[in-house]
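Source file: upload_30.txt; contents: compact mmCIF, C-alpha atoms.
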# COMPACT_ATOMS: atom_id res chain seq x y z
CA MET A 1 -212.06 127.41 -61.80
CA THR A 2 -215.76 127.41 -62.55
CA LYS A 3 -216.17 130.46 -60.34
CA THR A 4 -213.54 132.46 -62.25
CA THR A 5 -215.03 131.43 -65.60
CA LYS A 6 -218.41 132.58 -64.39
CA ILE A 7 -216.98 135.95 -63.30
CA LEU A 8 -215.07 136.33 -66.58
CA LYS A 9 -218.24 135.52 -68.52
CA LEU A 10 -220.14 138.09 -66.52
CA ILE A 11 -217.46 140.73 -67.16
CA PHE A 12 -217.44 139.89 -70.85
CA PHE A 13 -221.21 140.22 -71.21
CA THR A 14 -221.45 143.43 -69.23
CA THR A 15 -218.71 144.97 -71.34
CA ALA A 16 -220.39 143.77 -74.53
CA ILE A 17 -223.72 145.25 -73.47
CA PHE A 18 -222.02 148.49 -72.40
CA TRP A 19 -220.35 148.93 -75.79
CA THR A 20 -223.59 148.17 -77.65
CA ILE A 21 -225.52 150.82 -75.73
CA ALA A 22 -222.87 153.45 -74.94
CA PRO A 23 -222.24 154.82 -78.45
CA TRP A 24 -225.97 155.21 -79.06
CA SER A 25 -226.71 157.00 -75.84
CA TYR A 26 -223.69 159.21 -76.51
CA LEU A 27 -224.97 160.06 -79.99
CA MET A 28 -228.44 160.76 -78.66
CA ALA A 29 -227.08 162.98 -75.90
CA SER A 30 -224.73 164.91 -78.20
CA ASP A 31 -227.67 165.59 -80.48
CA SER A 32 -229.28 167.81 -77.87
CA ILE A 33 -226.13 169.41 -76.45
CA GLY A 34 -226.43 172.45 -78.73
CA GLY A 35 -229.91 173.32 -77.50
CA VAL A 36 -232.81 174.69 -79.56
CA ALA A 37 -232.78 178.25 -78.20
CA THR A 38 -230.64 180.66 -76.19
CA ILE A 39 -231.94 182.82 -73.36
CA LYS A 40 -231.10 186.43 -74.23
CA ASN A 41 -232.45 188.19 -71.16
CA VAL A 42 -233.86 187.40 -67.73
CA SER A 43 -235.67 189.76 -65.40
CA GLY A 44 -236.79 188.55 -61.96
CA ASP A 45 -237.32 184.83 -61.35
CA VAL A 46 -237.10 182.55 -64.35
CA LEU A 47 -236.85 178.78 -63.97
CA ILE A 48 -236.40 175.92 -66.38
CA GLU A 49 -238.06 172.63 -65.54
CA ARG A 50 -236.01 169.86 -67.16
CA GLY A 51 -237.22 166.39 -66.23
CA ASN A 52 -237.22 166.40 -62.45
CA GLU A 53 -234.76 169.28 -62.21
CA LEU A 54 -235.51 172.97 -61.69
CA ILE A 55 -232.74 175.19 -63.04
CA THR A 56 -232.43 178.97 -62.61
CA ALA A 57 -232.20 180.56 -66.06
CA PHE A 58 -229.48 183.05 -67.00
CA GLN A 59 -228.34 184.95 -70.08
CA GLY A 60 -226.77 182.49 -72.51
CA PHE A 61 -228.60 179.45 -71.05
CA LEU A 62 -229.37 176.84 -73.72
CA ILE A 63 -232.97 175.63 -73.90
CA GLN A 64 -233.63 172.04 -74.98
CA GLU A 65 -236.67 170.29 -76.38
CA LYS A 66 -239.18 169.35 -73.63
CA ASP A 67 -237.95 172.10 -71.30
CA ILE A 68 -240.66 174.03 -69.48
CA LEU A 69 -239.97 177.74 -68.98
CA ILE A 70 -241.54 179.30 -65.91
CA THR A 71 -241.56 183.01 -65.01
CA GLY A 72 -242.43 184.31 -61.55
CA LYS A 73 -244.31 187.39 -60.39
CA ASP A 74 -243.06 190.63 -62.05
CA SER A 75 -240.63 188.50 -64.09
CA SER A 76 -239.97 188.09 -67.78
CA THR A 77 -237.55 186.51 -70.23
CA GLY A 78 -236.64 186.63 -73.92
CA LEU A 79 -235.06 183.97 -76.13
CA ILE A 80 -233.90 183.36 -79.68
CA PHE A 81 -234.41 180.01 -81.38
CA LYS A 82 -232.02 178.30 -83.80
CA ASP A 83 -234.23 179.33 -86.73
CA ASN A 84 -233.88 183.00 -85.67
CA SER A 85 -237.42 183.23 -84.32
CA VAL A 86 -237.79 185.35 -81.20
CA LEU A 87 -239.99 184.59 -78.18
CA SER A 88 -240.65 186.44 -74.96
CA MET A 89 -242.70 185.65 -71.85
CA GLY A 90 -244.40 187.98 -69.40
CA PRO A 91 -244.96 187.42 -65.65
CA GLU A 92 -246.41 184.23 -64.14
CA SER A 93 -246.18 182.31 -67.38
CA ARG A 94 -245.53 178.70 -68.20
CA LEU A 95 -244.45 177.41 -71.61
CA GLU A 96 -243.35 173.95 -72.72
CA ILE A 97 -241.15 173.51 -75.80
CA GLN A 98 -242.84 170.33 -76.91
CA ASN A 99 -241.00 169.89 -80.15
CA PHE A 100 -238.46 171.90 -82.17
CA ALA A 101 -236.69 170.78 -85.33
CA PHE A 102 -234.62 173.00 -87.60
CA GLU A 103 -232.70 170.92 -90.10
CA PRO A 104 -233.44 172.45 -93.51
CA ALA A 105 -231.16 169.98 -95.34
CA LEU A 106 -233.22 167.06 -94.00
CA GLU A 107 -236.49 169.02 -94.37
CA LYS A 108 -237.09 168.58 -90.66
CA LEU A 109 -238.87 171.77 -89.73
CA SER A 110 -241.33 172.14 -86.91
CA PHE A 111 -242.03 173.99 -83.72
CA VAL A 112 -244.82 173.09 -81.31
CA ALA A 113 -245.11 174.77 -77.91
CA ASN A 114 -247.67 174.45 -75.14
CA MET A 115 -248.66 177.77 -73.55
CA MET A 116 -250.19 176.70 -70.25
CA GLN A 117 -250.43 180.04 -68.51
CA GLY A 118 -249.55 183.71 -68.82
CA THR A 119 -248.46 185.88 -71.75
CA LEU A 120 -246.03 185.46 -74.62
CA THR A 121 -245.03 187.15 -77.85
CA TYR A 122 -243.51 185.35 -80.82
CA LEU A 123 -241.86 186.68 -83.97
CA SER A 124 -241.46 183.87 -86.45
CA GLY A 125 -238.18 182.94 -88.12
CA LEU A 126 -236.91 180.64 -90.85
CA ILE A 127 -239.11 177.62 -90.06
CA THR A 128 -242.29 179.42 -91.11
CA LYS A 129 -240.48 180.89 -94.16
CA LEU A 130 -239.37 177.45 -95.34
CA LYS A 131 -242.48 175.52 -94.33
CA PRO A 132 -245.52 177.66 -93.52
CA GLU A 133 -247.98 176.28 -90.98
CA SER A 134 -245.35 174.18 -89.22
CA VAL A 135 -245.35 176.42 -86.15
CA GLU A 136 -248.10 175.82 -83.62
CA PHE A 137 -248.91 177.15 -80.16
CA ARG A 138 -251.38 175.19 -78.06
CA THR A 139 -253.25 176.56 -75.09
CA PRO A 140 -255.70 174.61 -72.93
CA SER A 141 -258.56 176.08 -74.95
CA ALA A 142 -257.23 176.66 -78.47
CA THR A 143 -254.60 175.87 -81.09
CA ILE A 144 -252.87 178.73 -82.89
CA GLY A 145 -251.28 178.04 -86.26
CA ILE A 146 -248.75 180.56 -87.55
CA ARG A 147 -248.01 181.38 -91.16
CA GLY A 148 -245.01 183.61 -90.59
CA THR A 149 -245.76 186.55 -88.38
CA HIS A 150 -245.66 188.32 -85.05
CA ILE A 151 -248.23 187.44 -82.39
CA ALA A 152 -249.14 187.79 -78.75
CA ILE A 153 -251.00 185.15 -76.72
CA ALA A 154 -252.50 185.40 -73.24
CA VAL A 155 -253.80 182.43 -71.26
CA GLU A 156 -255.74 183.41 -68.16
CA GLY A 157 -257.28 181.15 -65.57
CA GLU A 158 -256.26 178.42 -63.23
CA TYR A 159 -253.35 176.27 -64.26
CA SER A 160 -253.68 172.57 -63.61
CA GLN A 161 -251.01 170.01 -64.33
CA ASP A 162 -253.23 167.54 -66.17
CA GLN A 163 -254.78 170.19 -68.41
CA GLN A 164 -255.23 168.95 -72.01
CA MET A 165 -253.27 171.07 -74.48
CA GLY A 166 -254.55 171.98 -77.92
CA TYR A 167 -258.08 171.31 -78.88
CA MET A 168 -258.73 168.29 -81.02
CA GLU A 169 -256.25 165.47 -80.91
CA PRO A 170 -257.68 163.51 -77.99
CA CYS A 171 -261.19 163.75 -79.36
CA GLN A 172 -260.20 162.85 -82.92
CA GLU A 173 -258.63 159.76 -81.40
CA CYS A 174 -261.93 158.94 -79.60
CA LEU A 175 -263.84 159.31 -82.86
CA LYS A 176 -261.46 156.97 -84.66
CA LYS A 177 -261.87 154.32 -81.98
CA ASP A 178 -265.66 154.61 -82.09
CA SER A 179 -266.00 154.13 -85.82
CA MET B 1 -300.15 162.04 -50.41
CA ASP B 2 -299.97 161.91 -54.22
CA ILE B 3 -298.85 165.50 -54.45
CA SER B 4 -296.04 165.09 -51.92
CA LYS B 5 -294.91 161.86 -53.66
CA SER B 6 -294.63 163.51 -57.07
CA LEU B 7 -292.97 166.53 -55.48
CA TYR B 8 -290.46 164.17 -53.88
CA ARG B 9 -289.84 162.54 -57.30
CA ILE B 10 -289.31 165.90 -58.92
CA ILE B 11 -286.81 166.92 -56.25
CA ILE B 12 -284.91 163.61 -56.69
CA ASN B 13 -284.87 164.00 -60.48
CA VAL B 14 -283.74 167.62 -60.40
CA GLY B 15 -281.00 166.68 -57.89
CA LEU B 16 -279.85 163.83 -60.10
CA PHE B 17 -279.83 166.09 -63.15
CA ILE B 18 -277.72 168.70 -61.37
CA THR B 19 -275.26 166.05 -60.16
CA ILE B 20 -274.90 164.65 -63.69
CA ALA B 21 -274.49 168.14 -65.13
CA ILE B 22 -271.78 169.08 -62.61
CA THR B 23 -269.92 165.79 -63.12
CA GLY B 24 -270.11 166.20 -66.88
CA CYS B 25 -268.89 169.75 -66.54
CA ILE B 26 -265.89 168.73 -64.46
CA MET B 27 -265.05 165.87 -66.83
CA THR B 28 -265.12 168.04 -69.95
CA GLY B 29 -262.96 170.67 -68.30
CA CYS B 30 -265.50 173.44 -68.01
CA ALA B 31 -264.94 173.77 -64.28
CA THR B 32 -261.60 175.49 -64.83
CA LYS B 33 -261.97 178.68 -66.78
CA ILE B 34 -259.14 179.00 -69.25
CA ASP B 35 -259.33 182.08 -71.36
CA THR B 36 -257.10 182.40 -74.43
CA THR B 37 -256.58 185.75 -76.16
CA VAL B 38 -254.56 185.98 -79.37
CA VAL B 39 -253.47 189.21 -81.03
CA LEU B 40 -251.83 189.51 -84.45
CA LEU B 41 -249.04 192.10 -84.24
CA PRO B 42 -247.36 193.88 -87.15
CA GLU B 43 -243.82 192.65 -87.85
CA PRO B 44 -240.87 195.04 -87.26
CA ASP B 45 -240.89 195.97 -90.98
CA GLY B 46 -244.61 196.83 -90.78
CA SER B 47 -245.88 193.81 -92.71
CA VAL B 48 -248.71 191.69 -91.30
CA GLY B 49 -248.86 187.90 -91.51
CA GLU B 50 -251.68 185.50 -90.86
CA ILE B 51 -252.67 183.14 -88.05
CA THR B 52 -255.43 180.61 -87.53
CA VAL B 53 -257.03 180.07 -84.15
CA SER B 54 -258.87 176.75 -83.87
CA THR B 55 -260.98 175.01 -81.30
CA GLN B 56 -263.12 171.90 -81.32
CA ALA B 57 -266.02 174.06 -82.45
CA ASN B 58 -264.61 176.35 -85.13
CA LYS B 59 -261.65 178.13 -86.71
CA GLU B 60 -260.98 181.83 -87.31
CA ILE B 61 -258.30 183.49 -89.44
CA LEU B 62 -256.65 186.72 -88.29
CA ASN B 63 -254.85 188.79 -90.94
CA LYS B 64 -255.22 192.44 -89.89
CA SER B 65 -252.82 194.40 -87.72
CA TYR B 66 -253.79 194.17 -84.01
CA GLU B 67 -256.80 191.99 -84.81
CA SER B 68 -257.68 189.75 -81.87
CA ALA B 69 -259.53 186.54 -81.12
CA ARG B 70 -260.67 184.99 -77.87
CA VAL B 71 -261.68 181.57 -76.61
CA GLU B 72 -263.45 181.91 -73.29
CA LYS B 73 -262.80 178.39 -72.09
CA ALA B 74 -261.99 174.90 -73.28
CA GLY B 75 -264.68 173.57 -75.60
CA LYS B 76 -266.05 177.02 -76.50
CA SER B 77 -265.75 178.47 -79.98
CA VAL B 78 -263.31 181.18 -81.13
CA GLU B 79 -264.81 184.66 -81.19
CA LYS B 80 -263.16 187.46 -83.15
CA GLY B 81 -262.50 190.35 -80.77
CA GLY B 82 -261.94 193.12 -83.28
CA VAL B 83 -258.90 195.35 -83.66
CA LEU B 84 -257.26 196.33 -80.35
CA ASN B 85 -255.69 199.73 -79.76
CA LEU B 86 -252.08 200.12 -78.63
CA ASP B 87 -253.05 200.83 -75.00
CA GLU B 88 -254.98 197.56 -74.77
CA VAL B 89 -252.04 195.64 -76.25
CA GLN B 90 -249.61 197.35 -73.87
CA GLU B 91 -251.80 196.63 -70.85
CA LYS B 92 -251.96 192.92 -71.55
CA PHE B 93 -248.59 192.27 -73.20
CA GLY B 94 -246.40 195.24 -72.19
CA VAL B 95 -244.01 193.24 -69.99
CA ALA B 96 -243.66 190.41 -72.52
CA LEU B 97 -243.13 192.88 -75.38
CA ALA B 98 -240.43 194.72 -73.43
CA ALA B 99 -238.59 191.40 -72.91
CA GLN B 100 -238.57 190.59 -76.62
CA PRO B 101 -234.97 190.35 -77.87
CA LEU B 102 -234.05 192.16 -81.09
CA PRO B 103 -234.30 189.62 -83.92
CA PRO B 104 -230.99 188.38 -85.36
CA VAL B 105 -229.62 190.37 -88.28
CA VAL B 106 -227.43 189.33 -91.23
CA PHE B 107 -224.88 191.63 -92.91
CA ILE B 108 -223.32 190.74 -96.26
CA LEU B 109 -219.84 192.15 -96.89
CA TYR B 110 -218.61 192.07 -100.51
CA PHE B 111 -214.98 191.78 -101.65
CA GLN B 112 -212.83 192.91 -104.55
CA SER B 113 -211.95 190.09 -106.95
CA GLY B 114 -209.37 187.52 -105.82
CA GLY B 115 -208.47 188.82 -102.37
CA THR B 116 -209.52 190.04 -98.94
CA GLU B 117 -210.06 193.70 -99.87
CA LEU B 118 -213.62 194.88 -99.03
CA THR B 119 -215.63 197.00 -101.48
CA ASP B 120 -216.12 200.62 -100.37
CA GLU B 121 -219.86 200.09 -99.73
CA SER B 122 -219.07 197.14 -97.49
CA LYS B 123 -216.37 199.05 -95.56
CA ALA B 124 -219.08 201.60 -94.76
CA LEU B 125 -221.24 198.84 -93.20
CA ILE B 126 -218.78 198.00 -90.44
CA PRO B 127 -220.02 200.64 -87.96
CA ASP B 128 -223.56 199.23 -88.43
CA ILE B 129 -222.31 195.73 -87.61
CA MET B 130 -220.62 197.00 -84.44
CA GLU B 131 -223.75 198.89 -83.44
CA SER B 132 -225.97 195.83 -83.83
CA ILE B 133 -223.51 193.70 -81.82
CA ASN B 134 -223.60 196.25 -79.00
CA ASN B 135 -227.37 196.81 -79.11
CA ARG B 136 -228.01 193.08 -78.80
CA GLN B 137 -225.25 192.51 -76.24
CA SER B 138 -224.60 189.66 -78.63
CA THR B 139 -223.00 186.47 -77.41
CA ASP B 140 -223.36 184.63 -80.71
CA ILE B 141 -221.90 185.83 -84.02
CA SER B 142 -221.31 183.67 -87.06
CA VAL B 143 -218.95 184.63 -89.89
CA VAL B 144 -219.16 182.62 -93.11
CA GLY B 145 -216.82 183.14 -96.08
CA HIS B 146 -217.74 182.59 -99.76
CA THR B 147 -216.21 183.08 -103.22
CA ASP B 148 -217.35 183.13 -106.83
CA ARG B 149 -216.28 180.33 -109.24
CA VAL B 150 -213.17 181.95 -110.75
CA GLY B 151 -210.19 179.71 -109.89
CA THR B 152 -210.00 176.14 -108.62
CA THR B 153 -212.31 174.74 -105.95
CA GLU B 154 -209.35 174.28 -103.56
CA LYS B 155 -208.04 177.84 -104.06
CA ASN B 156 -211.54 179.22 -103.53
CA TRP B 157 -211.99 177.24 -100.38
CA GLN B 158 -208.70 178.73 -99.13
CA LEU B 159 -209.80 182.24 -100.24
CA SER B 160 -213.20 181.97 -98.51
CA MET B 161 -211.36 180.98 -95.33
CA GLU B 162 -209.04 183.99 -95.64
CA ARG B 163 -212.02 186.31 -96.19
CA ALA B 164 -213.83 184.98 -93.13
CA GLY B 165 -210.58 185.22 -91.14
CA PHE B 166 -210.12 188.83 -92.27
CA VAL B 167 -213.60 189.77 -91.02
CA VAL B 168 -213.10 187.90 -87.72
CA GLU B 169 -209.78 189.75 -87.13
CA MET B 170 -211.50 193.05 -87.92
CA LEU B 171 -214.26 192.35 -85.35
CA ILE B 172 -211.71 191.30 -82.71
CA SER B 173 -209.67 194.45 -83.34
CA ARG B 174 -212.82 196.45 -82.58
CA GLY B 175 -213.27 194.73 -79.23
CA VAL B 176 -215.50 191.72 -80.01
CA LYS B 177 -214.56 188.66 -77.93
CA GLU B 178 -213.10 185.87 -80.03
CA SER B 179 -215.00 183.24 -78.01
CA ILE B 180 -218.41 184.43 -79.24
CA ILE B 181 -217.49 184.24 -82.94
CA GLU B 182 -218.05 181.08 -84.94
CA GLN B 183 -216.06 181.09 -88.17
CA SER B 184 -216.68 178.88 -91.20
CA SER B 185 -216.13 178.91 -94.95
CA HIS B 186 -218.02 177.43 -97.87
CA GLY B 187 -215.64 178.16 -100.79
CA GLU B 188 -217.56 178.44 -104.06
CA SER B 189 -220.16 175.84 -103.06
CA ASN B 190 -222.84 178.16 -101.66
CA PRO B 191 -223.44 181.00 -104.16
CA ILE B 192 -226.20 183.61 -103.95
CA ILE B 193 -226.25 183.68 -107.76
CA GLU B 194 -225.77 180.33 -109.55
CA THR B 195 -223.15 180.59 -112.34
CA GLU B 196 -221.11 178.39 -114.68
CA ASP B 197 -217.54 177.59 -113.57
CA GLU B 198 -214.95 180.38 -114.06
CA VAL B 199 -217.63 183.12 -114.20
CA ALA B 200 -216.86 186.22 -112.11
CA GLU B 201 -219.83 187.18 -109.93
CA PRO B 202 -219.31 190.03 -107.44
CA ARG B 203 -222.45 189.09 -105.47
CA ASN B 204 -220.93 185.71 -104.59
CA ARG B 205 -217.60 187.17 -103.34
CA ARG B 206 -218.80 187.74 -99.83
CA VAL B 207 -218.70 187.13 -96.10
CA GLU B 208 -221.99 186.78 -94.23
CA VAL B 209 -222.01 188.04 -90.67
CA MET B 210 -224.95 186.97 -88.54
CA VAL B 211 -225.41 188.78 -85.25
CA ARG B 212 -227.72 187.11 -82.73

Would you kindly transcribe this structure into structure tokens?
Amino acid sequence: MTKTTKILKLIFFTTAIFWTIAPWSYLMASDSIGGVATIKNVSGDVLIERGNELITAFQGFLIQEKDILITGKDSSTGLIFKDNSVLSMGPESRLEIQNFAFEPALEKLSFVANMMQGTLTYLSGLITKLKPESVEFRTPSATIGIRGTHIAIAVEGEYSQDQQMGYMEPCQECLKKDS
Amino acid sequence: MDISKSLYRIIINVGLFITIAITGCIMTGCATKIDTTVVLLPEPDGSVGEITVSTQANKEILNKSYESARVEKAGKSVEKGGVLNLDEVQEKFGVALAAQPLPPVVFILYFQSGGTELTDESKALIPDIMESINNRQSTDISVVGHTDRVGTTEKNWQLSMERAGFVVEMLISRGVKESIIEQSSHGESNPIIETEDEVAEPRNRRVEVMVR
């Protein structure tokens, strides 16, 4: 008797916990299903690093926040973001979509990307029209703020995984702690 | 004896200094050379925007066509690099530029009052829509129907749906795959020109077609 009650209790609690967590994780997952950008063209080797996975990119592939796009030798790719901005990458490039939000009704508008290596071009879309200066590209040596335009960025030199992106944030933090 | 002792001290001190300098250099990231070049390009319509390039040391604003800036490595300041010529831009960014997709384009089709009959000007736009779909090898088209405020909200919602449906059918009949079209309708709730209720406004009787 006591054994069955114990088992029943255990089943009850696991189910309860499951139903408390499940809807939330479902909501959070469905939020990112649509993706933030679509790959429009791929030439050569283009990979997407998503968490621990490496996925081969193809036309129509949906890019999500935090994805890292990697192009190989003699390779390139082009994509269109949800805000209609257009981005392309040249050979041997590495770009992380750190943050992308396009929800005009909620005034959530931002795009921050880390350009670790290689070349890219970017033609801005609705985010910069609705909220100028909310698009930012960070390289290991500089931060580029965009007020609605068309740009090209090249990052040359050795890529290292623990490279700091952008220029100031870590040091501003140090200053705050010191004072 | 004294001379060799002080010489020894100098050597030790210089050695220590070099070690500290190298360690400091590695810690601040100056061992890896990371060179950033930024070029402001004209937009497809010829207009030129503005960008800021910032580092720990300084900030520069670029606002001229093909103006460039460079940061030699982390921790260095931004240096303006002058206006580049097209060959220089092509050499550095040619492959990336060639991979740039055509930006999405929006067409607005206007309707005669009360129905799904297009205006003559809008009928003439249809070949352009087809051309842009083909040029982009588009896999993502959205069709959104709207009305003006003549008639009830419910009737207008119905009408905006019929207008969007009419345009979708027209695209399908010209060979566009149904699966790449997303259809929606906003009734009278999303006007281009705000009006009082029951006011006829031709610019609000429309279907917006976005080709991506």

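Closest to chain B among A:Gln98, A:Ser134, A:Asn114, A:Ser75 is A:Ser75, based on all atoms listed in the file.
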
### Task
Write out as JSON, numbers by chain every residue belonging to chain B that has an atom at most 9 Å from any atom of chain A, counting all atoms listed in the file.
{"B": [29, 32, 33, 34, 35, 36, 37, 38, 39, 40, 41, 42, 43, 44, 47, 48, 49, 50, 51, 52, 53, 54, 55, 56, 66, 71, 72, 73, 74, 75, 76, 77, 78, 89, 92, 93, 94, 95, 96, 97, 98, 99, 100, 101, 102, 103, 104, 105, 136, 137, 138, 139, 212]}

Quick one: write out the picked residues with C-alpha atoms as a short mmCIF file (atom, residue, chain, number, x, y, z; two decimals), in the frame of the given file?
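What ended up in result_24.cif:
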data_model
loop_
_atom_site.label_atom_id
_atom_site.label_comp_id
_atom_site.auth_asym_id
_atom_site.auth_seq_id
_atom_site.Cartn_x
_atom_site.Cartn_y
_atom_site.Cartn_z
CA GLY B 29 -262.96 170.67 -68.30
CA THR B 32 -261.60 175.49 -64.83
CA LYS B 33 -261.97 178.68 -66.78
CA ILE B 34 -259.14 179.00 -69.25
CA ASP B 35 -259.33 182.08 -71.36
CA THR B 36 -257.10 182.40 -74.43
CA THR B 37 -256.58 185.75 -76.16
CA VAL B 38 -254.56 185.98 -79.37
CA VAL B 39 -253.47 189.21 -81.03
CA LEU B 40 -251.83 189.51 -84.45
CA LEU B 41 -249.04 192.10 -84.24
CA PRO B 42 -247.36 193.88 -87.15
CA GLU B 43 -243.82 192.65 -87.85
CA PRO B 44 -240.87 195.04 -87.26
CA SER B 47 -245.88 193.81 -92.71
CA VAL B 48 -248.71 191.69 -91.30
CA GLY B 49 -248.86 187.90 -91.51
CA GLU B 50 -251.68 185.50 -90.86
CA ILE B 51 -252.67 183.14 -88.05
CA THR B 52 -255.43 180.61 -87.53
CA VAL B 53 -257.03 180.07 -84.15
CA SER B 54 -258.87 176.75 -83.87
CA THR B 55 -260.98 175.01 -81.30
CA GLN B 56 -263.12 171.90 -81.32
CA TYR B 66 -253.79 194.17 -84.01
CA VAL B 71 -261.68 181.57 -76.61
CA GLU B 72 -263.45 181.91 -73.29
CA LYS B 73 -262.80 178.39 -72.09
CA ALA B 74 -261.99 174.90 -73.28
CA GLY B 75 -264.68 173.57 -75.60
CA LYS B 76 -266.05 177.02 -76.50
CA SER B 77 -265.75 178.47 -79.98
CA VAL B 78 -263.31 181.18 -81.13
CA VAL B 89 -252.04 195.64 -76.25
CA LYS B 92 -251.96 192.92 -71.55
CA PHE B 93 -248.59 192.27 -73.20
CA GLY B 94 -246.40 195.24 -72.19
CA VAL B 95 -244.01 193.24 -69.99
CA ALA B 96 -243.66 190.41 -72.52
CA LEU B 97 -243.13 192.88 -75.38
CA ALA B 98 -240.43 194.72 -73.43
CA ALA B 99 -238.59 191.40 -72.91
CA GLN B 100 -238.57 190.59 -76.62
CA PRO B 101 -234.97 190.35 -77.87
CA LEU B 102 -234.05 192.16 -81.09
CA PRO B 103 -234.30 189.62 -83.92
CA PRO B 104 -230.99 188.38 -85.36
CA VAL B 105 -229.62 190.37 -88.28
CA ARG B 136 -228.01 193.08 -78.80
CA GLN B 137 -225.25 192.51 -76.24
CA SER B 138 -224.60 189.66 -78.63
CA THR B 139 -223.00 186.47 -77.41
CA ARG B 212 -227.72 187.11 -82.73
#

### Query
Interatomic distance between atom CA of Val167 of chain B and atom CA of Ser132 of chain B?
15.5 Å

### Query
atom CA of Ile141 of chain B to atom CA of His186 of chain B: how many Å, to one decimal?
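Straight-line distance from atom CA of Ile141 of chain B to atom CA of His186 of chain B works out to 16.7 Å.
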
### Message
Please report the interatomic distance between atom CA of Leu47 of chain A and atom CA of Met210 of chain B in Å with one decimal.
### Response
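Atom-to-atom, atom CA of Leu47 of chain A and atom CA of Met210 of chain B are spaced 28.5 Å apart.
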
Where is the centre and how long are the edges: axis-aligned box on segment 176-185 of chain B, 5 Å on each side, Å to one decimal, as lines of an AutoDock Vina configuration file:
center_x = -215.8
center_y = 185.3
center_z = -86.4
size_x = 15.3
size_y = 22.8
size_z = 27.0
